[in-house]
$ cat structure.txt   # compact mmCIF, C-alpha atoms and all ligand atoms
# COMPACT_ATOMS: atom_id res chain seq x y z
CA MET M 981 60.01 -84.01 -145.20
CA LEU M 982 57.49 -81.44 -146.39
CA HIS M 983 53.73 -81.90 -146.07
CA VAL M 984 51.74 -79.23 -147.93
CA LEU M 985 48.10 -78.90 -146.91
CA ASP M 986 45.92 -79.71 -149.92
CA HIS M 987 42.35 -78.60 -149.24
CA PRO M 988 40.06 -76.14 -151.04
CA LEU M 989 39.25 -74.38 -147.77
CA ALA M 990 42.97 -73.91 -147.08
CA ALA M 991 43.46 -72.35 -150.53
CA HIS M 992 40.50 -70.02 -149.93
CA VAL M 993 41.67 -68.90 -146.48
CA ILE M 994 45.29 -68.37 -147.45
CA THR M 995 44.33 -66.23 -150.44
CA HIS M 996 42.45 -63.87 -148.12
CA LEU M 997 45.37 -63.92 -145.63
CA ARG M 998 47.74 -62.86 -148.41
CA ASP M 999 45.48 -60.04 -149.64
CA LYS M 1000 47.03 -56.76 -148.49
CA THR M 1001 43.59 -55.21 -147.96
CA THR M 1002 42.75 -57.77 -145.23
CA ARG M 1003 42.63 -55.94 -141.90
CA PRO M 1004 44.04 -57.32 -138.60
CA ALA M 1005 40.69 -58.50 -137.12
CA THR M 1006 39.92 -60.57 -140.22
CA PHE M 1007 43.56 -61.63 -140.49
CA ARG M 1008 43.38 -63.12 -136.98
CA THR M 1009 40.20 -65.06 -137.84
CA LEU M 1010 41.77 -66.42 -141.03
CA CYS M 1011 44.92 -67.33 -139.08
CA TYR M 1012 42.73 -69.31 -136.67
CA GLN M 1013 41.00 -71.13 -139.52
CA ILE M 1014 44.14 -72.13 -141.43
CA THR M 1015 45.87 -73.21 -138.22
CA LEU M 1016 42.92 -75.42 -137.30
CA LEU M 1017 43.28 -77.25 -140.61
CA LEU M 1018 47.05 -77.58 -140.07
CA ALA M 1019 46.56 -78.77 -136.48
CA ILE M 1020 44.33 -81.61 -137.63
CA GLU M 1021 46.83 -82.60 -140.31
CA ALA M 1022 49.86 -82.45 -137.99
CA THR M 1023 48.26 -84.62 -135.30
CA ARG M 1024 46.92 -87.44 -137.49
CA ASP M 1025 49.22 -89.99 -135.84
CA LEU M 1026 48.91 -88.97 -132.17
CA PRO M 1027 48.74 -92.01 -129.89
CA THR M 1028 45.33 -93.22 -128.65
CA GLU M 1029 44.34 -95.85 -126.10
CA PRO M 1030 41.20 -97.95 -125.63
CA LYS M 1031 38.41 -96.72 -123.35
CA ALA M 1032 35.38 -98.74 -122.31
CA ILE M 1033 32.13 -96.73 -122.37
CA GLU M 1034 28.42 -97.35 -122.63
CA THR M 1035 26.42 -95.70 -125.36
CA PRO M 1036 22.67 -95.33 -124.72
CA MET M 1037 22.38 -98.57 -126.72
CA GLU M 1038 25.15 -100.90 -125.44
CA PRO M 1039 28.68 -101.12 -124.02
CA MET M 1040 31.58 -100.58 -126.41
CA THR M 1041 35.30 -99.85 -126.40
CA GLY M 1042 36.22 -96.58 -128.06
CA ARG M 1043 39.57 -94.84 -128.33
CA VAL M 1044 40.75 -91.65 -126.63
CA LEU M 1045 43.95 -89.62 -126.83
CA THR M 1046 46.71 -90.81 -124.53
CA HIS M 1047 47.02 -88.49 -121.50
CA GLN M 1048 48.93 -85.28 -122.32
CA PRO M 1049 50.41 -86.44 -125.60
CA LEU M 1050 50.97 -83.01 -127.11
CA VAL M 1051 53.21 -79.98 -126.54
CA ILE M 1052 53.01 -76.90 -128.72
CA VAL M 1053 55.81 -74.35 -128.82
CA PRO M 1054 54.85 -71.05 -130.48
CA ILE M 1055 57.78 -68.90 -131.58
CA LEU M 1056 57.08 -65.39 -130.27
CA ARG M 1057 55.60 -63.22 -131.36
CA ALA M 1058 53.74 -64.27 -134.52
CA GLY M 1059 53.47 -67.92 -133.42
CA LEU M 1060 51.06 -66.81 -130.69
CA GLY M 1061 48.49 -66.22 -133.41
CA MET M 1062 48.46 -69.97 -134.08
CA MET M 1063 48.02 -71.09 -130.47
CA GLN M 1064 44.25 -70.88 -129.89
CA PRO M 1065 43.09 -73.62 -132.31
CA PHE M 1066 45.38 -76.10 -130.56
CA LEU M 1067 44.08 -75.05 -127.12
CA ASP M 1068 40.50 -75.42 -128.36
CA ILE M 1069 40.80 -78.94 -129.78
CA PHE M 1070 43.43 -80.47 -127.45
CA PRO M 1071 42.33 -79.78 -123.86
CA ASP M 1072 45.42 -81.47 -122.35
CA VAL M 1073 47.96 -79.65 -124.53
CA SER M 1074 51.01 -78.11 -122.81
CA VAL M 1075 52.53 -74.89 -124.12
CA GLY M 1076 56.17 -73.84 -124.23
CA TYR M 1077 57.42 -70.50 -125.51
CA ILE M 1078 60.51 -69.54 -127.47
CA GLY M 1079 61.20 -65.86 -128.15
CA LEU M 1080 63.12 -65.12 -131.35
CA GLU M 1081 63.35 -61.94 -133.37
CA ARG M 1082 64.95 -61.42 -136.77
CA ASP M 1083 67.38 -58.56 -137.08
CA HIS M 1084 65.92 -56.19 -139.70
CA THR M 1085 69.26 -55.82 -141.53
CA THR M 1086 70.81 -59.28 -141.33
CA ALA M 1087 67.58 -61.38 -141.01
CA ILE M 1088 69.41 -63.45 -138.38
CA ALA M 1089 67.17 -64.50 -135.49
CA ARG M 1090 68.16 -63.45 -131.96
CA SER M 1091 66.92 -65.48 -129.01
CA TYR M 1092 65.39 -63.51 -126.10
CA TYR M 1093 63.20 -65.99 -124.19
CA SER M 1094 62.61 -69.69 -123.64
CA LYS M 1095 60.34 -71.59 -121.26
CA LEU M 1096 59.42 -75.20 -121.95
CA PRO M 1097 57.31 -77.82 -120.17
CA PRO M 1098 58.65 -81.42 -119.97
CA VAL M 1099 59.05 -82.56 -123.59
CA ALA M 1100 60.70 -85.99 -123.40
CA GLY M 1101 58.44 -88.73 -124.73
CA ARG M 1102 55.85 -86.29 -126.08
CA ARG M 1103 54.96 -85.02 -129.54
CA VAL M 1104 56.24 -81.44 -129.84
CA LEU M 1105 54.89 -79.11 -132.50
CA VAL M 1106 56.91 -75.94 -133.03
CA ILE M 1107 54.48 -73.40 -134.48
CA ASP M 1108 55.47 -70.32 -136.45
CA PRO M 1109 53.50 -68.87 -139.36
CA MET M 1110 56.47 -67.93 -141.59
CA LEU M 1111 59.37 -70.19 -142.58
CA ALA M 1112 61.61 -67.76 -144.49
CA THR M 1113 65.39 -68.31 -144.18
CA GLY M 1114 64.68 -71.11 -141.69
CA GLY M 1115 67.01 -69.51 -139.12
CA SER M 1116 64.28 -69.07 -136.49
CA ALA M 1117 62.87 -72.57 -136.99
CA VAL M 1118 66.29 -74.24 -136.77
CA LYS M 1119 67.13 -72.31 -133.57
CA ALA M 1120 63.78 -73.22 -131.99
CA ILE M 1121 64.07 -76.90 -132.94
CA ASP M 1122 67.61 -76.96 -131.50
CA VAL M 1123 66.25 -75.63 -128.18
CA VAL M 1124 63.42 -78.19 -128.06
CA ARG M 1125 65.78 -81.01 -128.96
CA ALA M 1126 68.30 -79.93 -126.29
CA ALA M 1127 65.44 -80.13 -123.76
CA GLY M 1128 65.03 -83.84 -124.56
CA ALA M 1129 62.35 -83.96 -127.28
CA THR M 1130 62.78 -86.56 -130.01
CA ASP M 1131 59.34 -86.42 -131.66
CA ILE M 1132 59.27 -82.92 -133.16
CA ALA M 1133 57.45 -81.41 -136.13
CA LEU M 1134 57.20 -77.86 -137.45
CA VAL M 1135 53.88 -76.23 -138.36
CA SER M 1136 54.04 -73.13 -140.57
CA ILE M 1137 51.48 -71.31 -142.69
CA VAL M 1138 53.75 -70.05 -145.50
CA SER M 1139 57.14 -71.62 -146.29
CA SER M 1140 59.92 -70.74 -148.72
CA PRO M 1141 62.03 -73.34 -150.54
CA GLU M 1142 65.10 -71.81 -148.86
CA GLY M 1143 63.60 -72.27 -145.39
CA VAL M 1144 62.54 -75.85 -146.09
CA ALA M 1145 66.08 -76.65 -147.31
CA GLU M 1146 67.66 -75.03 -144.23
CA VAL M 1147 65.49 -77.06 -141.84
CA ALA M 1148 66.11 -80.25 -143.83
CA GLN M 1149 69.88 -79.67 -143.69
CA HIS M 1150 69.91 -79.33 -139.88
CA HIS M 1151 67.06 -81.72 -139.01
CA PRO M 1152 66.72 -84.16 -141.93
CA ALA M 1153 64.07 -86.40 -140.31
CA LEU M 1154 61.76 -83.61 -139.23
CA VAL M 1155 58.33 -83.19 -140.89
CA ILE M 1156 57.21 -79.67 -141.83
CA TYR M 1157 53.46 -79.11 -142.13
CA THR M 1158 52.67 -76.02 -144.17
CA ALA M 1159 49.70 -74.48 -145.92
CA ALA M 1160 51.74 -73.04 -148.82
CA LEU M 1161 55.15 -73.50 -150.39
CA ASP M 1162 55.98 -70.15 -152.01
CA ARG M 1163 58.41 -69.16 -154.76
CA CYS M 1164 61.50 -67.65 -153.09
CA LEU M 1165 62.85 -64.98 -150.73
CA ASN M 1166 63.48 -61.39 -151.78
CA ALA M 1167 66.72 -59.48 -151.06
CA LYS M 1168 65.42 -58.60 -147.56
CA LYS M 1169 64.63 -62.27 -146.86
CA TYR M 1170 60.86 -61.83 -147.08
CA ILE M 1171 58.82 -64.56 -148.75
CA LEU M 1172 57.45 -63.99 -152.29
CA PRO M 1173 54.56 -63.83 -152.98
CA GLY M 1174 54.14 -64.30 -149.22
CA LEU M 1175 51.88 -62.11 -147.16
CA GLY M 1176 54.28 -59.51 -145.74
CA ASP M 1177 55.20 -59.34 -142.06
CA PHE M 1178 52.89 -61.78 -140.30
CA GLY M 1179 53.36 -60.34 -136.80
CA ASP M 1180 52.66 -56.80 -138.00
CA ARG M 1181 49.52 -57.87 -139.84
CA LEU M 1182 48.31 -59.97 -136.91
CA TYR M 1183 48.77 -57.24 -134.32
CA GLY M 1184 48.34 -54.10 -136.44
CA THR M 1185 51.87 -52.82 -135.78
C1 LIG J 1201 59.07 -63.78 -138.31
C2 LIG J 1201 58.27 -65.07 -138.30
C3 LIG J 1201 59.33 -66.10 -138.00
C4 LIG J 1201 60.55 -65.53 -138.67
C5 LIG J 1201 60.82 -66.29 -139.91
O1 LIG J 1201 59.27 -63.34 -137.01
O2 LIG J 1201 57.22 -65.08 -137.38
O3 LIG J 1201 59.55 -66.28 -136.61
O4 LIG J 1201 60.26 -64.16 -138.96
O5 LIG J 1201 61.97 -65.86 -140.51
P1 LIG J 1201 63.26 -66.78 -140.70
O6 LIG J 1201 62.76 -68.11 -141.22
O7 LIG J 1201 64.06 -66.04 -141.72
O8 LIG J 1201 63.97 -66.90 -139.39
P2 LIG J 1201 60.03 -61.97 -136.63
O9 LIG J 1201 61.46 -62.25 -136.39
O10 LIG J 1201 59.69 -60.93 -137.66
O11 LIG J 1201 59.42 -61.61 -135.22
P3 LIG J 1201 57.92 -61.37 -134.74
O12 LIG J 1201 57.23 -62.71 -134.74
O13 LIG J 1201 58.13 -60.82 -133.37
O14 LIG J 1201 57.26 -60.39 -135.68
N1 LIG J 1202 58.74 -63.00 -141.49
C1 LIG J 1202 57.54 -62.58 -141.94
O1 LIG J 1202 56.66 -62.20 -141.12
N2 LIG J 1202 57.33 -62.56 -143.26
C2 LIG J 1202 58.24 -62.96 -144.16
O2 LIG J 1202 57.97 -62.93 -145.38
C3 LIG J 1202 59.49 -63.40 -143.68
C4 LIG J 1202 59.72 -63.42 -142.33

$ encode --input "structure.txt" --output "structure tokens" --more "lines below"
Ligand code: PRP
Ligand code: URA
Amino acid sequence: MLHVLDHPLAAHVITHLRDKTTRPATFRTLCYQITLLLAIEATRDLPTEPKAIETPMEPMTGRVLTHQPLVIVPILRAGLGMMQPFLDIFPDVSVGYIGLERDHTTAIARSYYSKLPPVAGRRVLVIDPMLATGGSAVKAIDVVRAAGATDIALVSIVSSPEGVAEVAQHHPALVIYTAALDRCLNAKKYILPGLGDFGDRLYGT
């Protein structure tokens, strides 16, 4: 299932992210902002539990997040750019890492690293800014699922119809949160209109 972020601020930020004149320092700030909006959207149904407190006026029972409900798994390298907003708003978040790199000729993702915290019984958000062919996302979700996770969602900034279809074919029940659903892939499997190579723009490479 696809969930496209619908917010005027998201439209504003993503337009500046796409702009080829946007330099890496600004690109990183915009990446933070759009990811913060996505993080809020993707965690709407996190579990909470009651907590008795006293306000300066009287006792009451509020609600707080269940202890350590959330795991994020950035796909290296570009996914690292989406990590900080989650760390800032979810103090108990755990972080796993999956290293994948697309071959420049075939666009097939090669796995080079994986380190995950315990994932069973927790909400796992795989985070990667670009969902192009879907090869990287499917590989990462496979890894997380093999580690015992059952509650998994994918958070991307720009998605292609091809990538959404690929994820849906392999993981039909999984929700994808994205800020933009673009037109298609080009012959080199880059997203159109897209924003180019996210990792290169993020890190100035
Ligand atoms: C980019 C992006 C995704 C992947 C998407 O990473 O960050 O991980 O491509 O493409 P796909 O859906 O066709 O698999 P890349 O492989 O360029 O590595 P990087 O993050 O190290 O730049
Ligand atoms: N990876 C990117 O960084 N950009 C694309 O358009 C496709 C894959």

$ residues_near_ligand --input "structure.txt" --ligand "ligand LIG 1201 (chain J)" --cutoff "6 Å" --atoms "only C-alpha atoms and all ligand atoms" --output "list of chain:residue names"
M:Ile1055, M:Leu1056, M:Arg1057, M:Ala1058, M:Glu1081, M:Arg1082, M:Ala1087, M:Ala1089, M:Asp1108, M:Pro1109, M:Met1110, M:Leu1111, M:Ala1112, M:Thr1113, M:Gly1114, M:Gly1115, M:Ser1116, M:Gly1143, M:Gly1179

$ write_last_selection --input "structure.txt" --atoms "C-alpha atoms" --output "mmCIF file, in the coordinates of the input"
data_model
loop_
_atom_site.group_PDB
_atom_site.id
_atom_site.type_symbol
_atom_site.label_atom_id
_atom_site.label_comp_id
_atom_site.auth_asym_id
_atom_site.auth_seq_id
_atom_site.Cartn_x
_atom_site.Cartn_y
_atom_site.Cartn_z
ATOM 1 C CA ILE M 1055 57.780 -68.900 -131.580
ATOM 2 C CA LEU M 1056 57.080 -65.390 -130.270
ATOM 3 C CA ARG M 1057 55.600 -63.220 -131.360
ATOM 4 C CA ALA M 1058 53.740 -64.270 -134.520
ATOM 5 C CA GLU M 1081 63.350 -61.940 -133.370
ATOM 6 C CA ARG M 1082 64.950 -61.420 -136.770
ATOM 7 C CA ALA M 1087 67.580 -61.380 -141.010
ATOM 8 C CA ALA M 1089 67.170 -64.500 -135.490
ATOM 9 C CA ASP M 1108 55.470 -70.320 -136.450
ATOM 10 C CA PRO M 1109 53.500 -68.870 -139.360
ATOM 11 C CA MET M 1110 56.470 -67.930 -141.590
ATOM 12 C CA LEU M 1111 59.370 -70.190 -142.580
ATOM 13 C CA ALA M 1112 61.610 -67.760 -144.490
ATOM 14 C CA THR M 1113 65.390 -68.310 -144.180
ATOM 15 C CA GLY M 1114 64.680 -71.110 -141.690
ATOM 16 C CA GLY M 1115 67.010 -69.510 -139.120
ATOM 17 C CA SER M 1116 64.280 -69.070 -136.490
ATOM 18 C CA GLY M 1143 63.600 -72.270 -145.390
ATOM 19 C CA GLY M 1179 53.360 -60.340 -136.800
#

$ closest_residue --input "structure.txt" --among "M:Ile1033, M:Met981, M:Val1044, M:Leu1165" --to "ligand LIG 1202 (chain J)" --atoms "only C-alpha atoms and all ligand atoms"
M:Leu1165

$ atom_distance --input "structure.txt" --atom1 "atom CA of Gln1149 of chain M" --atom2 "atom CA of Thr1085 of chain M"
24.0 Å

$ residues_near_point --input "structure.txt" --point "(41.9, -97.2, -128.1)" --cutoff "6 Å" --atoms "only C-alpha atoms" --output "mmCIF file with C-alpha atoms, in the frame of the given file"
data_model
loop_
_atom_site.group_PDB
_atom_site.id
_atom_site.type_symbol
_atom_site.label_atom_id
_atom_site.label_comp_id
_atom_site.auth_asym_id
_atom_site.auth_seq_id
_atom_site.Cartn_x
_atom_site.Cartn_y
_atom_site.Cartn_z
ATOM 1 C CA THR M 1028 45.330 -93.220 -128.650
ATOM 2 C CA GLU M 1029 44.340 -95.850 -126.100
ATOM 3 C CA PRO M 1030 41.200 -97.950 -125.630
ATOM 4 C CA LYS M 1031 38.410 -96.720 -123.350
ATOM 5 C CA GLY M 1042 36.220 -96.580 -128.060
ATOM 6 C CA ARG M 1043 39.570 -94.840 -128.330
ATOM 7 C CA VAL M 1044 40.750 -91.650 -126.630
#

$ atom_distance --input "structure.txt" --atom1 "atom CA of Glu1142 of chain M" --atom2 "atom CA of Asp1177 of chain M"
17.3 Å

$ atom_distance --input "structure.txt" --atom1 "atom CA of Val1124 of chain M" --atom2 "atom CA of Val1144 of chain M"
18.2 Å

$ residues_near_point --input "structure.txt" --point "(43.6, -61.3, -146.4)" --cutoff "12 Å" --atoms "all atoms listed in the file" --output "PyMOL selection string"
chain M and resi 991-1011+1014+1174-1176+1178+1181-1182

$ write_last_selection --input "structure.txt" --atoms "C-alpha atoms" --output "PDB file, keeping the file's coordinate frame"
ATOM      1  CA  ALA M 991      43.460 -72.350-150.530  1.00  0.00           C
ATOM      2  CA  HIS M 992      40.500 -70.020-149.930  1.00  0.00           C
ATOM      3  CA  VAL M 993      41.670 -68.900-146.480  1.00  0.00           C
ATOM      4  CA  ILE M 994      45.290 -68.370-147.450  1.00  0.00           C
ATOM      5  CA  THR M 995      44.330 -66.230-150.440  1.00  0.00           C
ATOM      6  CA  HIS M 996      42.450 -63.870-148.120  1.00  0.00           C
ATOM      7  CA  LEU M 997      45.370 -63.920-145.630  1.00  0.00           C
ATOM      8  CA  ARG M 998      47.740 -62.860-148.410  1.00  0.00           C
ATOM      9  CA  ASP M 999      45.480 -60.040-149.640  1.00  0.00           C
ATOM     10  CA  LYS M1000      47.030 -56.760-148.490  1.00  0.00           C
ATOM     11  CA  THR M1001      43.590 -55.210-147.960  1.00  0.00           C
ATOM     12  CA  THR M1002      42.750 -57.770-145.230  1.00  0.00           C
ATOM     13  CA  ARG M1003      42.630 -55.940-141.900  1.00  0.00           C
ATOM     14  CA  PRO M1004      44.040 -57.320-138.600  1.00  0.00           C
ATOM     15  CA  ALA M1005      40.690 -58.500-137.120  1.00  0.00           C
ATOM     16  CA  THR M1006      39.920 -60.570-140.220  1.00  0.00           C
ATOM     17  CA  PHE M1007      43.560 -61.630-140.490  1.00  0.00           C
ATOM     18  CA  ARG M1008      43.380 -63.120-136.980  1.00  0.00           C
ATOM     19  CA  THR M1009      40.200 -65.060-137.840  1.00  0.00           C
ATOM     20  CA  LEU M1010      41.770 -66.420-141.030  1.00  0.00           C
ATOM     21  CA  CYS M1011      44.920 -67.330-139.080  1.00  0.00           C
ATOM     22  CA  ILE M1014      44.140 -72.130-141.430  1.00  0.00           C
ATOM     23  CA  GLY M1174      54.140 -64.300-149.220  1.00  0.00           C
ATOM     24  CA  LEU M1175      51.880 -62.110-147.160  1.00  0.00           C
ATOM     25  CA  GLY M1176      54.280 -59.510-145.740  1.00  0.00           C
ATOM     26  CA  PHE M1178      52.890 -61.780-140.300  1.00  0.00           C
ATOM     27  CA  ARG M1181      49.520 -57.870-139.840  1.00  0.00           C
ATOM     28  CA  LEU M1182      48.310 -59.970-136.910  1.00  0.00           C
TER      29      LEU M1182
END

$ closest_residue --input "structure.txt" --among "M:Ala1148, M:Met1040, M:Leu1172, M:Ala1117" --to "ligand LIG 1202 (chain J)" --atoms "only C-alpha atoms and all ligand atoms"
M:Leu1172

$ residues_around --input "structure.txt" --residues "Val1104 of chain M" --least-positions-apart "4" --cutoff "7 Å" --atoms "all atoms listed in the file" --output "list in words"
Leu1050, Val1051, Ile1052, Val1099, Asp1131, Ile1132 and Ala1133 of chain M

$ closest_residue --input "structure.txt" --among "M:Leu1080, M:Leu1026, M:Ile1088, M:Ala1129" --to "Gly1101 of chain M" --atoms "all atoms listed in the file"
M:Ala1129

$ closest_residue --input "structure.txt" --among "M:His983, M:Arg1125, M:His1047, M:Arg1090" --to "Leu1018 of chain M" --atoms "only C-alpha atoms"
M:His983

$ closest_residue --input "structure.txt" --among "M:Met1063, M:Leu1154, M:Ile1078, M:Ile1171" --to "ligand LIG 1202 (chain J)" --atoms "all atoms listed in the file"
M:Ile1171

$ closest_residue --input "structure.txt" --among "M:Lys1095, M:Lys1119, M:His987, M:Arg1024" --to "Ala1160 of chain M" --atoms "only C-alpha atoms"
M:His987

$ decode --input "structure.txt" --residues "segment 1063-1086 of chain M" --atoms "N, CA, C and O atoms" --output "CSV table (one decimal), in the first residue's frame"
chain,number,residue,atom,x,y,z
M,1063,MET,N,18.3,9.8,8.9
M,1063,MET,CA,18.4,9.3,10.3
M,1063,MET,C,18.1,10.3,11.4
M,1063,MET,O,17.3,10.0,12.3
M,1064,GLN,N,18.7,11.5,11.2
M,1064,GLN,CA,18.6,12.4,12.4
M,1064,GLN,C,17.3,12.8,12.8
M,1064,GLN,O,17.0,12.9,14.1
M,1065,PRO,N,16.3,13.1,12.0
M,1065,PRO,CA,15.0,13.5,12.5
M,1065,PRO,C,14.4,12.4,13.4
M,1065,PRO,O,13.7,12.7,14.4
M,1066,PHE,N,14.6,11.1,13.0
M,1066,PHE,CA,14.1,10.0,13.9
M,1066,PHE,C,14.8,10.0,15.2
M,1066,PHE,O,14.1,9.8,16.3
M,1067,LEU,N,16.1,10.2,15.2
M,1067,LEU,CA,16.8,10.3,16.5
M,1067,LEU,C,16.4,11.4,17.4
M,1067,LEU,O,16.3,11.3,18.6
M,1068,ASP,N,16.0,12.5,16.7
M,1068,ASP,CA,15.6,13.7,17.5
M,1068,ASP,C,14.2,13.6,18.1
M,1068,ASP,O,14.0,14.1,19.2
M,1069,ILE,N,13.3,12.9,17.4
M,1069,ILE,CA,11.9,12.9,18.0
M,1069,ILE,C,11.6,11.6,18.7
M,1069,ILE,O,10.7,11.5,19.5
M,1070,PHE,N,12.4,10.5,18.5
M,1070,PHE,CA,12.2,9.3,19.2
M,1070,PHE,C,13.4,8.9,20.0
M,1070,PHE,O,14.3,8.2,19.5
M,1071,PRO,N,13.5,9.3,21.3
M,1071,PRO,CA,14.7,9.1,22.0
M,1071,PRO,C,15.1,7.7,22.2
M,1071,PRO,O,16.3,7.3,22.4
M,1072,ASP,N,14.1,6.8,22.2
M,1072,ASP,CA,14.4,5.4,22.5
M,1072,ASP,C,14.6,4.5,21.2
M,1072,ASP,O,14.6,3.3,21.2
M,1073,VAL,N,14.7,5.2,20.1
M,1073,VAL,CA,14.8,4.5,18.8
M,1073,VAL,C,16.1,3.6,18.7
M,1073,VAL,O,17.1,4.1,19.3
M,1074,SER,N,16.0,2.5,18.1
M,1074,SER,CA,17.2,1.7,17.9
M,1074,SER,C,17.5,1.8,16.4
M,1074,SER,O,16.5,1.9,15.6
M,1075,VAL,N,18.7,1.6,16.0
M,1075,VAL,CA,19.1,1.8,14.6
M,1075,VAL,C,19.9,0.6,14.1
M,1075,VAL,O,20.8,0.1,14.8
M,1076,GLY,N,19.4,0.0,13.0
M,1076,GLY,CA,20.1,-1.0,12.3
M,1076,GLY,C,20.7,-0.5,11.0
M,1076,GLY,O,20.2,0.6,10.6
M,1077,TYR,N,21.6,-1.1,10.4
M,1077,TYR,CA,22.2,-0.6,9.2
M,1077,TYR,C,22.2,-1.7,8.1
M,1077,TYR,O,22.6,-2.9,8.4
M,1078,ILE,N,21.9,-1.4,6.9
M,1078,ILE,CA,22.0,-2.3,5.8
M,1078,ILE,C,22.8,-1.6,4.7
M,1078,ILE,O,22.3,-0.5,4.2
M,1079,GLY,N,23.9,-2.2,4.2
M,1079,GLY,CA,24.7,-1.5,3.2
M,1079,GLY,C,24.4,-2.2,1.8
M,1079,GLY,O,24.6,-3.4,1.7
M,1080,LEU,N,23.9,-1.4,0.9
M,1080,LEU,CA,23.6,-1.8,-0.5
M,1080,LEU,C,24.0,-0.8,-1.4
M,1080,LEU,O,23.9,0.4,-1.2
M,1081,GLU,N,24.6,-1.3,-2.6
M,1081,GLU,CA,25.0,-0.3,-3.6
M,1081,GLU,C,24.6,-0.8,-4.9
M,1081,GLU,O,24.9,-2.0,-5.3
M,1082,ARG,N,24.0,0.1,-5.7
M,1082,ARG,CA,23.6,-0.3,-7.1
M,1082,ARG,C,24.8,-0.4,-8.0
M,1082,ARG,O,25.6,0.6,-8.0
M,1083,ASP,N,24.8,-1.4,-8.8
M,1083,ASP,CA,25.9,-1.5,-9.9
M,1083,ASP,C,25.5,-0.4,-10.9
M,1083,ASP,O,24.3,-0.3,-11.3
M,1084,HIS,N,26.5,0.4,-11.3
M,1084,HIS,CA,26.2,1.5,-12.2
M,1084,HIS,C,25.7,1.1,-13.6
M,1084,HIS,O,24.9,1.7,-14.2
M,1085,THR,N,26.1,-0.2,-14.0
M,1085,THR,CA,25.6,-0.6,-15.4
M,1085,THR,C,24.3,-1.4,-15.3
M,1085,THR,O,23.4,-1.1,-16.0
M,1086,THR,N,24.2,-2.3,-14.3
M,1086,THR,CA,23.0,-3.2,-14.3
M,1086,THR,C,21.9,-2.6,-13.4
M,1086,THR,O,20.8,-3.0,-13.4
